[in-house]
Structure formats: structure tokens, C-alpha cells
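To start, the structure under review is shown below, and the notes come after it.
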Amino acid sequence: MIKKQYGLIGKDIAYSFSQNYFTEKFKKLQLTDSLYSNFDLSKISEFNDILERFDNLKGLNVTIPYKQAIIPYLDSLSTKAATIGAVNTIRITKKNRLKGYNTDWYGFYHSLKPLLKKQHTHALILGTGGASKAIEYVLTKLGIKYKFVSRTKQDNELTYEELTQAILTKYTLIINTTPLGTYPRVEEKPNIPYEYLTAQHLVYDLIYNPEKTAFLRLAEAQQATIKNGHEMLVLQAEKAYKIWSKRFQQD
């Protein structure tokens with residue numbers, strides 16, 4: 001009998017890491033009363049249907065494109081989630097109150113930090129969606145100056161067309177937070193001038209499927225250090241499980 005229902009809120013998430021990861025985790029822990037499912041929503045308003053259908057919900061993860069859109073549906077936010085402005089983990093209390101957390105920052109911070117070198121003082125964040133908010137938080141925490149890069153011009157942001165050799169020489173840490181290159185559309189990639197990347201660059205892609213995106217392959221060809229999003233996902237998932245299990249320090 002399933003007493004504890006968990007799941008992932010997102011759109012087009014059949015490929016998702018989370019369901020397989022937590023299904024295996026529950027098996028190893030012999031949690032036969034727990035089930036993790038994908039809740040593929042075409043629009044965020046369908047979230048209410050999930051709450052009505054499952055009265056045994058204990059915890060949820062949230063992915064693209066709902067990390068910001070989910071916030072109005074929650075009763076409260078952790079301090080860090082409120083600061084970041086995006087939620088990827090929800091804990092449902094015994095009183096059916098929904099509290100939002102962000103564990104993306106934790107996964108990114110601990111997977112990035114060991115790779116940083118003295119030249120990584122300036123970063124480009126590719127994309128401005130919900131995933132980018134945790135990246136911004138971490139770079140601020142690490143004292144790394146950054147610029148957002150998007151397709152349309154916004155205040156204090158760069159467009160892809162504005163990325164010159166001089167900019168890429170200065171900004172030696174580049175993080176892709178867009179879904180470009182995710183399976184099955186594996187040949188898509190952010191439109192940056194890859195020829196200006198060097199061995200001084202650290203190039204990080206939040207995507208984990210495929211293991212090496214076109215973005216990372218082209219960066220590697222320029223001798224850049226590369227990193228995909230798999231370790232970040234494992235770290236944020238473990239943090240999420242601690243939150244659901246209430247084995248965590250309040251942030």
C-alpha cells in the first residue's frame with residue numbers, strides 16, 4: 001500500500017532523472033510504502049488537480065518551466081527560496097501546508113566549487129529562467145561577478161550577438177541554464193562564439209541528458225574544462241530527500 005506519494009512537477013518530463021533516481025533510492029531503503037511519479041503538466045494551473053487527486057502527497061520536486069510559476073500555489077518559502085525567487089522542492093506537512101525550498105543552489109555550489117581556479121572571477125549565465133536564479137545566488141555567494149545572456153535585450157544583460165572575443169576572454173566561467181541540447185534535440189546549443197573559448201575557461205551545462213551536449217563538446221574541443229549537470233542533480237536530490245524526511249538544518 002502506497003502511504004507516501006512523491007513526484008516531479010514539470011512539462012515534457014518523460015526523460016527526467018528524478019523518477020528513476022528516487023525509485024531506485026526507495027528500493028535500496030526498502031521503502032515499499034513510497035512511490036515517486038512524474039506529474040507532467042501542460043500548464044501550472046493543473047497543479048491543483050494533483051493536490052486534489054493525491055491525499056498522500058509528502059514531497060515534490062519542480063523543474064522547467066515551473067520553478068517560479070509554482071510559488072503562488074505555496075503556503076510559505078524557506079529563506080533561501082525566497083531570496084533566490086525559485087523553488088525546486090516542496091515539502092507537504094501533516095497539516096497539508098506546502099513549503100517551498102531551493103536545493104538547486106546547493107547542488108550547483110558543491111559541484112562547481114572544486115573546479116574553480118583563480119581566473120574564474122567573471123561568469124556568463126546563459127538564460128534567464130527559473131534555473132538561472134539559483135546560479136545567480138551561488139555566484140553572488142562566491143563573489144564571482146556575472147552577466148546574464150539572453151536572446152532579447154534587457155537592462156544590464158547581454159544578447160548572444162554581443163558576445164565578442166574581448167567579453168569571452170574576460171568571462172572565463174560560462175554556465176548554460178537553458179534547455180538547449182537536451183535529449184532528443186541533442187544538436188541544439190546556445191549561440192556563443194565557441195572559437196574564443198580556451199583552456200582558461202570552465203564551461204558548465206545544467207543539462208545531464210545527453211552526458212555531453214553539443215555545447216560541452218564544442219567547449220571541450222577548445223580545451224576548456226567542462227562539467228555537466230548530473231552531480232548537481234544528485235546533490236540537490238539528496239538535499240530534497242532530507243527536507244522531506246525533516247533531516248536537515250533549517251536555512
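Starting from 1 in every chain, residues are counted up; chains themselves are A, B, ... following the order of the C-alpha cells, and ligands are numbered from 1 as listed.
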
Kindly assemble as JSON lines a list of the segment 86-195 of chain A residues that lie within 12 Å of segment 53-58 of chain A, each paired with its nearest atom pair and their distance in Å to one decimal, using only C-alpha atoms, sorted first by chain and then by ascending residue number.
```
{"residue": "A:Thr89", "atom": "CA", "partner": "A:Lys58", "partner_atom": "CA", "distance": 11.1}
{"residue": "A:Ile90", "atom": "CA", "partner": "A:Lys58", "partner_atom": "CA", "distance": 8.5}
{"residue": "A:Arg91", "atom": "CA", "partner": "A:Lys58", "partner_atom": "CA", "distance": 6.3}
{"residue": "A:Ile92", "atom": "CA", "partner": "A:Lys58", "partner_atom": "CA", "distance": 5.0}
{"residue": "A:Thr93", "atom": "CA", "partner": "A:Lys58", "partner_atom": "CA", "distance": 7.1}
{"residue": "A:Lys94", "atom": "CA", "partner": "A:Lys58", "partner_atom": "CA", "distance": 8.5}
{"residue": "A:Lys95", "atom": "CA", "partner": "A:Lys58", "partner_atom": "CA", "distance": 10.8}
{"residue": "A:Asn96", "atom": "CA", "partner": "A:Leu57", "partner_atom": "CA", "distance": 8.7}
{"residue": "A:Arg97", "atom": "CA", "partner": "A:Lys58", "partner_atom": "CA", "distance": 10.2}
{"residue": "A:Leu98", "atom": "CA", "partner": "A:Lys58", "partner_atom": "CA", "distance": 9.4}
{"residue": "A:Lys99", "atom": "CA", "partner": "A:Lys58", "partner_atom": "CA", "distance": 11.0}
```

Exercise. Per DSSP on the backbone, filter segment 86-234 of chain A down to the residues in strand (DSSP E or B) and report them as an NGL selection string.
Key: :A and (89-92 or 98-101 or 122-126 or 145-150 or 157-159 or 173-176 or 202-205 or 225-227)

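The shell of residues at most 8 Å from segment 179-194 of chain A, with only C-alpha atoms counted and near chain neighbours (fewer than 6 positions) removed, consists of Tyr15, Leu126, Tyr160, Glu161, Leu163, Thr164, Gln165, Ile207, Tyr208, Asn209, Pro210, Thr213, Ala214, Phe215, Leu218, Ala219 and Gln222 of chain A.
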
Could you write out the selected residues, including N, CA, C and O atoms, as an mmCIF file, in the first residue's frame?
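That gives us part-v4.cif:
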```cif
data_model
loop_
_atom_site.group_PDB
_atom_site.id
_atom_site.type_symbol
_atom_site.label_atom_id
_atom_site.label_comp_id
_atom_site.auth_asym_id
_atom_site.auth_seq_id
_atom_site.Cartn_x
_atom_site.Cartn_y
_atom_site.Cartn_z
ATOM 1 N N TYR A 15 11.733 12.215 -19.874
ATOM 2 C CA TYR A 15 13.174 11.922 -19.840
ATOM 3 C C TYR A 15 13.764 12.044 -18.438
ATOM 4 O O TYR A 15 14.930 11.709 -18.215
ATOM 5 N N LEU A 126 23.921 31.803 -19.193
ATOM 6 C CA LEU A 126 23.129 31.716 -20.417
ATOM 7 C C LEU A 126 21.703 31.321 -20.059
ATOM 8 O O LEU A 126 21.463 30.234 -19.544
ATOM 9 N N TYR A 160 23.207 37.324 -27.218
ATOM 10 C CA TYR A 160 24.198 36.418 -27.794
ATOM 11 C C TYR A 160 25.012 37.105 -28.887
ATOM 12 O O TYR A 160 26.209 36.837 -29.044
ATOM 13 N N GLU A 161 24.374 38.029 -29.617
ATOM 14 C CA GLU A 161 25.063 38.747 -30.691
ATOM 15 C C GLU A 161 26.152 39.675 -30.162
ATOM 16 O O GLU A 161 27.067 40.045 -30.893
ATOM 17 N N LEU A 163 28.314 38.954 -27.792
ATOM 18 C CA LEU A 163 29.432 38.223 -27.204
ATOM 19 C C LEU A 163 30.654 38.291 -28.128
ATOM 20 O O LEU A 163 30.738 37.584 -29.130
ATOM 21 N N THR A 164 31.599 39.115 -27.764
ATOM 22 C CA THR A 164 32.818 39.321 -28.540
ATOM 23 C C THR A 164 33.970 38.508 -27.958
ATOM 24 O O THR A 164 33.858 37.934 -26.868
ATOM 25 N N GLN A 165 35.089 38.523 -28.652
ATOM 26 C CA GLN A 165 36.281 37.853 -28.139
ATOM 27 C C GLN A 165 36.735 38.484 -26.822
ATOM 28 O O GLN A 165 37.132 37.774 -25.893
ATOM 29 N N ILE A 207 22.353 20.713 -18.124
ATOM 30 C CA ILE A 207 21.778 19.524 -18.763
ATOM 31 C C ILE A 207 22.624 18.291 -18.426
ATOM 32 O O ILE A 207 23.840 18.375 -18.309
ATOM 33 N N TYR A 208 21.962 17.153 -18.265
ATOM 34 C CA TYR A 208 22.647 15.899 -17.949
ATOM 35 C C TYR A 208 22.338 14.807 -18.957
ATOM 36 O O TYR A 208 22.943 13.739 -18.937
ATOM 37 N N ASN A 209 21.378 15.039 -19.853
ATOM 38 C CA ASN A 209 20.983 14.066 -20.870
ATOM 39 C C ASN A 209 20.854 14.767 -22.217
ATOM 40 O O ASN A 209 19.920 15.522 -22.411
ATOM 41 N N PRO A 210 21.857 14.594 -23.113
ATOM 42 C CA PRO A 210 22.952 13.630 -23.079
ATOM 43 C C PRO A 210 24.055 14.025 -22.085
ATOM 44 O O PRO A 210 24.114 15.180 -21.656
ATOM 45 N N THR A 213 26.668 17.396 -24.051
ATOM 46 C CA THR A 213 25.861 18.147 -25.012
ATOM 47 C C THR A 213 26.746 18.725 -26.114
ATOM 48 O O THR A 213 27.975 18.770 -26.005
ATOM 49 N N ALA A 214 26.110 19.212 -27.173
ATOM 50 C CA ALA A 214 26.855 19.896 -28.238
ATOM 51 C C ALA A 214 27.612 21.090 -27.668
ATOM 52 O O ALA A 214 28.755 21.367 -28.061
ATOM 53 N N PHE A 215 27.009 21.793 -26.720
ATOM 54 C CA PHE A 215 27.635 22.921 -26.020
ATOM 55 C C PHE A 215 28.945 22.485 -25.358
ATOM 56 O O PHE A 215 29.999 23.118 -25.517
ATOM 57 N N LEU A 218 31.754 21.234 -28.017
ATOM 58 C CA LEU A 218 32.458 22.329 -28.684
ATOM 59 C C LEU A 218 33.413 23.039 -27.735
ATOM 60 O O LEU A 218 34.497 23.476 -28.136
ATOM 61 N N ALA A 219 33.009 23.152 -26.464
ATOM 62 C CA ALA A 219 33.896 23.770 -25.469
ATOM 63 C C ALA A 219 35.119 22.889 -25.228
ATOM 64 O O ALA A 219 36.251 23.377 -25.133
ATOM 65 N N GLN A 222 37.886 23.145 -27.613
ATOM 66 C CA GLN A 222 38.709 24.345 -27.432
ATOM 67 C C GLN A 222 39.588 24.243 -26.172
ATOM 68 O O GLN A 222 40.145 25.225 -25.737
#
```

Self-check item: Expected answer as a PyMOL selection string: helix (DSSP H, G or I) residues in segment 143-212 of chain A
Solution: chain A and resi 160-162+165-170+194-196

Quiz prompt | All residues 6 Å or closer to segment 233-239 of chain A, only C-alpha atoms, same chain fewer than 4 positions away omitted, as number ranges by chain | solution = A: 103-104, 107

Based on the selection just made, write N, CA, C and O atoms of those residues as an mmCIF file, in the first residue's frame.
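Output below, filename selection.cif:
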```cif
data_model
loop_
_atom_site.group_PDB
_atom_site.id
_atom_site.type_symbol
_atom_site.label_atom_id
_atom_site.label_comp_id
_atom_site.auth_asym_id
_atom_site.auth_seq_id
_atom_site.Cartn_x
_atom_site.Cartn_y
_atom_site.Cartn_z
ATOM 1 N N THR A 103 16.910 23.616 -3.612
ATOM 2 C CA THR A 103 18.111 22.814 -3.404
ATOM 3 C C THR A 103 19.028 22.857 -4.619
ATOM 4 O O THR A 103 20.125 22.300 -4.587
ATOM 5 N N ASP A 104 18.584 23.511 -5.700
ATOM 6 C CA ASP A 104 19.442 23.670 -6.881
ATOM 7 C C ASP A 104 20.738 24.401 -6.520
ATOM 8 O O ASP A 104 21.813 24.046 -6.988
ATOM 9 N N GLY A 107 23.246 22.008 -4.929
ATOM 10 C CA GLY A 107 23.853 21.102 -5.904
ATOM 11 C C GLY A 107 24.860 21.808 -6.796
ATOM 12 O O GLY A 107 25.950 21.291 -7.059
#
```

Practice problem: Excluding segment 196-202 of chain A and residues on its chain fewer than 3 positions from it, collect all residues at most 10 Å away from it, counting only C-alpha atoms, and give them as a PyMOL selection string. | Solution: chain A and resi 112+115-120+123+163-175+192-193+218-227

Quiz prompt | Selection near Lys212 of chain A, 7 Å with only C-alpha atoms, sequence-local residues under 4 positions removed, as a list in words | solution =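 The residues that qualify are Leu216, Arg217 and Asn228 of chain A.
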
Write the residues you've just listed into a file as a PDB file, in the first residue's frame, and include all heavy atoms for each of them.
```pdb
ATOM      1  N   LEU A 216      28.912  21.367 -24.649  1.00  0.00           N
ATOM      2  CA  LEU A 216      30.102  20.873 -23.961  1.00  0.00           C
ATOM      3  C   LEU A 216      31.131  20.297 -24.938  1.00  0.00           C
ATOM      4  O   LEU A 216      32.341  20.463 -24.740  1.00  0.00           O
ATOM      5  CB  LEU A 216      29.725  19.827 -22.917  1.00  0.00           C
ATOM      6  CG  LEU A 216      28.946  20.329 -21.693  1.00  0.00           C
ATOM      7  CD1 LEU A 216      28.696  19.175 -20.717  1.00  0.00           C
ATOM      8  CD2 LEU A 216      29.669  21.466 -20.989  1.00  0.00           C
ATOM      9  N   ARG A 217      30.663  19.639 -25.974  1.00  0.00           N
ATOM     10  CA  ARG A 217      31.596  19.066 -26.964  1.00  0.00           C
ATOM     11  C   ARG A 217      32.416  20.155 -27.638  1.00  0.00           C
ATOM     12  O   ARG A 217      33.636  20.021 -27.803  1.00  0.00           O
ATOM     13  CB  ARG A 217      30.832  18.271 -28.033  1.00  0.00           C
ATOM     14  CG  ARG A 217      30.244  16.959 -27.568  1.00  0.00           C
ATOM     15  CD  ARG A 217      29.987  15.997 -28.730  1.00  0.00           C
ATOM     16  NE  ARG A 217      29.334  16.641 -29.862  1.00  0.00           N
ATOM     17  CZ  ARG A 217      28.013  16.728 -30.026  1.00  0.00           C
ATOM     18  NH1 ARG A 217      27.206  16.230 -29.090  1.00  0.00           N
ATOM     19  NH2 ARG A 217      27.501  17.294 -31.086  1.00  0.00           N
ATOM     20  N   ASN A 228      28.948  18.601 -16.715  1.00  0.00           N
ATOM     21  CA  ASN A 228      27.507  18.532 -16.961  1.00  0.00           C
ATOM     22  C   ASN A 228      26.738  18.597 -15.640  1.00  0.00           C
ATOM     23  O   ASN A 228      27.314  18.716 -14.570  1.00  0.00           O
ATOM     24  CB  ASN A 228      27.137  17.294 -17.794  1.00  0.00           C
ATOM     25  CG  ASN A 228      27.255  15.989 -17.018  1.00  0.00           C
ATOM     26  OD1 ASN A 228      27.333  15.966 -15.786  1.00  0.00           O
ATOM     27  ND2 ASN A 228      27.279  14.867 -17.732  1.00  0.00           N
TER      28      ASN A 228
END
```

Quiz item: Leaving out Pro65 of chain A and any residue of its chain fewer than 2 positions from it, which residues lie within 7 Å of it when counting only C-alpha atoms, given as a ChimeraX atom specification?
Solution: /A:10-11,63,67
